[in-house]
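Peer 1: structure_16.txt is the file, holding compact mmCIF, C-alpha atoms:
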# COMPACT_ATOMS: atom_id res chain seq x y z
CA MET A 1 -21.58 -36.24 7.56
CA ASN A 2 -18.14 -34.88 8.14
CA ALA A 3 -17.28 -31.86 6.01
CA SER A 4 -13.69 -30.75 5.85
CA THR A 5 -12.58 -27.22 5.15
CA PRO A 6 -10.82 -26.99 1.80
CA GLN A 7 -7.20 -25.92 2.04
CA LEU A 8 -5.92 -23.26 -0.31
CA PRO A 9 -2.54 -24.01 -1.80
CA ALA A 10 0.34 -21.96 -0.43
CA THR A 11 1.33 -19.09 -2.66
CA SER A 12 4.85 -18.11 -3.57
CA TRP A 13 5.99 -14.71 -4.80
CA THR A 14 9.08 -14.15 -6.94
CA PHE A 15 10.91 -11.05 -8.14
CA THR A 16 14.10 -11.03 -10.24
CA GLN A 17 15.92 -8.15 -11.90
CA ARG A 18 19.25 -7.77 -13.70
CA LEU A 19 21.12 -4.59 -12.84
CA SER A 20 24.39 -2.98 -13.88
CA SER A 21 27.36 -3.86 -11.69
CA THR A 22 27.74 -0.31 -10.45
CA ARG A 23 27.01 1.65 -7.28
CA ARG A 24 23.92 2.94 -9.05
CA GLY A 25 22.78 -0.62 -9.79
CA ALA A 26 23.28 -1.59 -6.14
CA ARG A 27 21.25 1.43 -4.99
CA LEU A 28 18.50 0.54 -7.46
CA ALA A 29 18.43 -3.04 -6.12
CA ARG A 30 17.70 -1.70 -2.63
CA LEU A 31 14.95 0.61 -3.91
CA LEU A 32 13.34 -2.19 -5.93
CA ALA A 33 13.40 -4.47 -2.87
CA VAL A 34 11.63 -1.79 -0.81
CA GLU A 35 8.86 -1.43 -3.40
CA GLN A 36 8.47 -5.16 -4.01
CA LEU A 37 8.27 -6.09 -0.33
CA ARG A 38 5.60 -3.46 0.27
CA ALA A 39 3.35 -5.40 -2.11
CA TRP A 40 3.94 -8.78 -0.44
CA PRO A 41 2.52 -10.12 2.84
CA VAL A 42 5.71 -9.54 4.80
CA SER A 43 5.95 -7.82 8.18
CA PRO A 44 7.73 -4.45 8.22
CA ALA A 45 10.44 -5.91 10.49
CA VAL A 46 11.22 -8.72 8.04
CA ALA A 47 11.04 -6.34 5.07
CA ASP A 48 13.50 -3.94 6.74
CA ARG A 49 15.96 -6.78 7.37
CA ALA A 50 15.59 -8.03 3.79
CA VAL A 51 16.17 -4.56 2.34
CA ALA A 52 19.36 -4.12 4.39
CA ILE A 53 20.59 -7.55 3.26
CA THR A 54 19.74 -6.75 -0.38
CA ALA A 55 21.67 -3.49 -0.12
CA GLU A 56 24.76 -5.17 1.34
CA LEU A 57 24.83 -8.13 -1.05
CA SER A 58 24.20 -5.85 -4.06
CA ALA A 59 26.98 -3.49 -3.01
CA ASN A 60 29.31 -6.48 -2.69
CA ALA A 61 28.30 -7.72 -6.15
CA ALA A 62 28.99 -4.30 -7.66
CA LEU A 63 32.30 -3.89 -5.82
CA HIS A 64 33.81 -7.38 -5.47
CA GLY A 65 31.86 -9.41 -8.03
CA ARG A 66 32.08 -6.95 -10.89
CA VAL A 67 33.25 -7.99 -14.32
CA PRO A 68 33.21 -5.09 -16.80
CA GLY A 69 30.25 -5.39 -19.12
CA ARG A 70 28.47 -7.98 -16.95
CA ASP A 71 25.40 -7.36 -14.81
CA PHE A 72 24.42 -8.80 -11.47
CA ARG A 73 21.00 -10.21 -10.63
CA VAL A 74 18.93 -9.63 -7.52
CA GLY A 75 16.12 -11.97 -6.60
CA LEU A 76 13.49 -12.13 -3.88
CA VAL A 77 11.42 -15.24 -3.22
CA LEU A 78 8.69 -15.48 -0.61
CA ASP A 79 7.60 -19.07 -0.05
CA GLY A 80 4.13 -19.07 1.48
CA ALA A 81 4.35 -22.73 2.48
CA THR A 82 7.50 -22.35 4.59
CA GLU A 83 7.00 -18.64 5.35
CA THR A 84 10.59 -18.00 4.26
CA LEU A 85 11.85 -14.93 2.42
CA ARG A 86 15.00 -15.54 0.39
CA VAL A 87 17.26 -12.80 -0.96
CA GLU A 88 19.62 -13.84 -3.76
CA VAL A 89 22.33 -11.82 -5.49
CA THR A 90 24.18 -13.42 -8.38
CA ASP A 91 27.37 -12.06 -9.93
CA THR A 92 29.86 -13.39 -12.47
CA ARG A 93 32.91 -13.72 -10.19
CA GLY A 94 32.61 -17.30 -8.96
CA GLU A 95 36.26 -17.44 -7.97
CA ARG A 96 35.76 -14.63 -5.41
CA GLN A 97 33.87 -16.21 -2.55
CA PRO A 98 32.69 -14.01 0.31
CA THR A 99 34.30 -14.69 3.65
CA LEU A 100 33.04 -13.63 7.03
CA GLN A 101 35.84 -12.13 9.09
CA PRO A 102 35.80 -13.23 12.76
CA THR A 103 36.17 -9.66 14.02
CA ALA A 104 34.93 -6.27 12.89
CA PRO A 105 37.41 -4.04 11.07
CA PRO A 106 38.93 -1.04 12.86
CA PRO A 107 36.50 1.86 13.41
CA ASP A 108 38.35 4.11 10.95
CA ARG A 109 37.97 1.63 8.07
CA GLU A 110 35.02 2.38 5.78
CA THR A 111 34.48 -1.17 4.49
CA GLY A 112 34.43 -4.73 5.74
CA ARG A 113 31.20 -4.85 7.75
CA GLY A 114 28.72 -5.95 5.08
CA LEU A 115 28.82 -9.70 5.70
CA LEU A 116 28.82 -9.14 9.46
CA LEU A 117 25.56 -7.26 8.96
CA VAL A 118 24.15 -9.99 6.71
CA ASP A 119 25.15 -12.62 9.26
CA ALA A 120 23.42 -10.67 12.05
CA LEU A 121 20.21 -9.98 10.10
CA ALA A 122 19.67 -13.29 8.28
CA ASP A 123 18.44 -16.50 9.86
CA ARG A 124 20.82 -18.30 7.49
CA TRP A 125 23.01 -17.36 4.54
CA GLY A 126 25.50 -18.93 2.19
CA THR A 127 26.78 -19.18 -1.35
CA GLU A 128 26.29 -21.56 -4.24
CA PRO A 129 27.84 -21.77 -7.69
CA HIS A 130 25.92 -20.22 -10.56
CA HIS A 131 26.53 -22.05 -13.82
CA PRO A 132 28.05 -21.50 -16.28
CA VAL A 133 29.96 -18.76 -14.39
CA GLY A 134 29.57 -16.90 -11.16
CA LYS A 135 28.07 -17.38 -7.74
CA THR A 136 24.87 -16.65 -5.89
CA VAL A 137 25.03 -15.29 -2.36
CA TRP A 138 21.74 -15.92 -0.59
CA ALA A 139 20.17 -15.08 2.74
CA GLU A 140 16.96 -16.43 4.24
CA LEU A 141 14.61 -14.85 6.75
CA ASP A 142 11.88 -16.74 8.55
CA SER A 143 8.96 -14.39 8.07
CA ARG A 144 6.91 -15.90 10.91
CA THR A 145 9.56 -14.85 13.46
CA GLY A 146 9.70 -11.20 12.36
What's the structure tokens form of this structure?
Peer 2:
Amino acid sequence: MNASTPQLPATSWTFTQRLSSTRRGARLARLLAVEQLRAWPVSPAVADRAVAITAELSANAALHGRVPGRDFRVGLVLDGATETLRVEVTDTRGERQPTLQPTAPPPDRETGRGLLLVDALADRWGTEPHHPVGKTVWAELDSRTG
């Protein structure tokens, strides 16, 4: 008799929160990501990268994607089957697409490095339309590679 070991289905974890399109909302997005990722089976190295990405994308949503009176949404999805952590930030300014500059801004400039950081920390990132209005900027981290 050949007995096989039963396989447990892969688990996925999801977190989504709407926040005000302000600096305070962006800061809260980072703090919520820290707390959420502590509860999930994610290595500290991957969690640290995801928190930094969440902070940058949330700051961009509050600064560049802001429409007065409209919130932005932050989402985290950990797919147990693919061992991929996805960070998503959705704002209501679909016509303002993020662009990665080929070079870093001058050292005396205080802005312009956020997407360079996202590009360096994420295994992949991109944008997609969010209907009926807006866009979602996403970044994925392979959690098995730390």
Peer 1: Pick out the residues sitting within 8 Å of A:Glu83, and hand them over as a list in words; count only C-alpha atoms, and ignore anything fewer than 2 positions along from it in its own chain.
Peer 2: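 Skipping anything fewer than 2 positions along the chain leaves Leu78, Asp79, Gly80, Ala81, Leu85, Asp142, Ser143 and Arg144 of chain A.
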Peer 1: Just the number, please: distance in Å from atom CA of A:Leu76 to atom CA of A:Phe15, one decimal.
Peer 2: 5.1 Å
Peer 1: Nearest to A:Thr11: which of A:Val77, A:Ala52, A:Leu57, A:Leu37 is it, counting only C-alpha atoms?
Peer 2: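 For A:Thr11, the nearest of the candidates is A:Val77.
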Peer 1: Which polymer residues, whether protein, DNA or RNA, lie within 9 Å of the coordinate (17.2, -3.0, 0.5) when you count only C-alpha atoms? List them as a list in words, using the chain letters and numbers from the file.
Peer 2: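 Residues close enough to count: Arg27, Leu28, Ala29, Arg30, Leu31, Leu32, Ala33, Val34, Ala47, Asp48, Arg49, Ala50, Val51, Ala52, Ile53, Thr54, Ala55, Glu56 and Ser58 of chain A.
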Peer 1: Please provide as a PyMOL selection string all residues within 9 Å of A:Ala104, with the sequence filter that same-chain residues fewer than 3 positions apart are discarded (counting only C-alpha atoms).
Peer 2: chain A and resi 101+107+112-113+116
Peer 1: Would you save the residues of that selection, restricted to C-alpha atoms, as a PDB file, in the coordinates of the input?
Peer 2:
ATOM      1  CA  GLN A 101      35.840 -12.130   9.090  1.00  0.00           C
ATOM      2  CA  PRO A 107      36.500   1.860  13.410  1.00  0.00           C
ATOM      3  CA  GLY A 112      34.430  -4.730   5.740  1.00  0.00           C
ATOM      4  CA  ARG A 113      31.200  -4.850   7.750  1.00  0.00           C
ATOM      5  CA  LEU A 116      28.820  -9.140   9.460  1.00  0.00           C
TER       6      LEU A 116
END
Peer 1: Provide the atom CA of A:Thr22 to atom CA of A:Arg73 distance in Å, to one decimal place.
Peer 2: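 The value is 12.0 Å.
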Peer 1: Which polymer residues have any atom within 6 Å of an atom of stretch 127-138 of chain A, counting all atoms listed in the file, with same-chain residues fewer than 4 positions away left out, as a PyMOL selection string?
Peer 2: chain A and resi 87-94
Peer 1: Please report the interatomic distance between atom CA of A:Ser20 and atom CA of A:Arg109 in Å with one decimal.
Peer 2: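 Calculated distance between atom CA of A:Ser20 and atom CA of A:Arg109 is 26.2 Å.
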Peer 1: Pick from A:Leu117, A:His64, A:Arg124, A:Arg70: nearest to A:Arg96, with all atoms listed in the file counted?
Peer 2: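 Checking each of A:Leu117, A:His64, A:Arg124, A:Arg70 against A:Arg96, counting all atoms listed in the file, the winner is A:His64.
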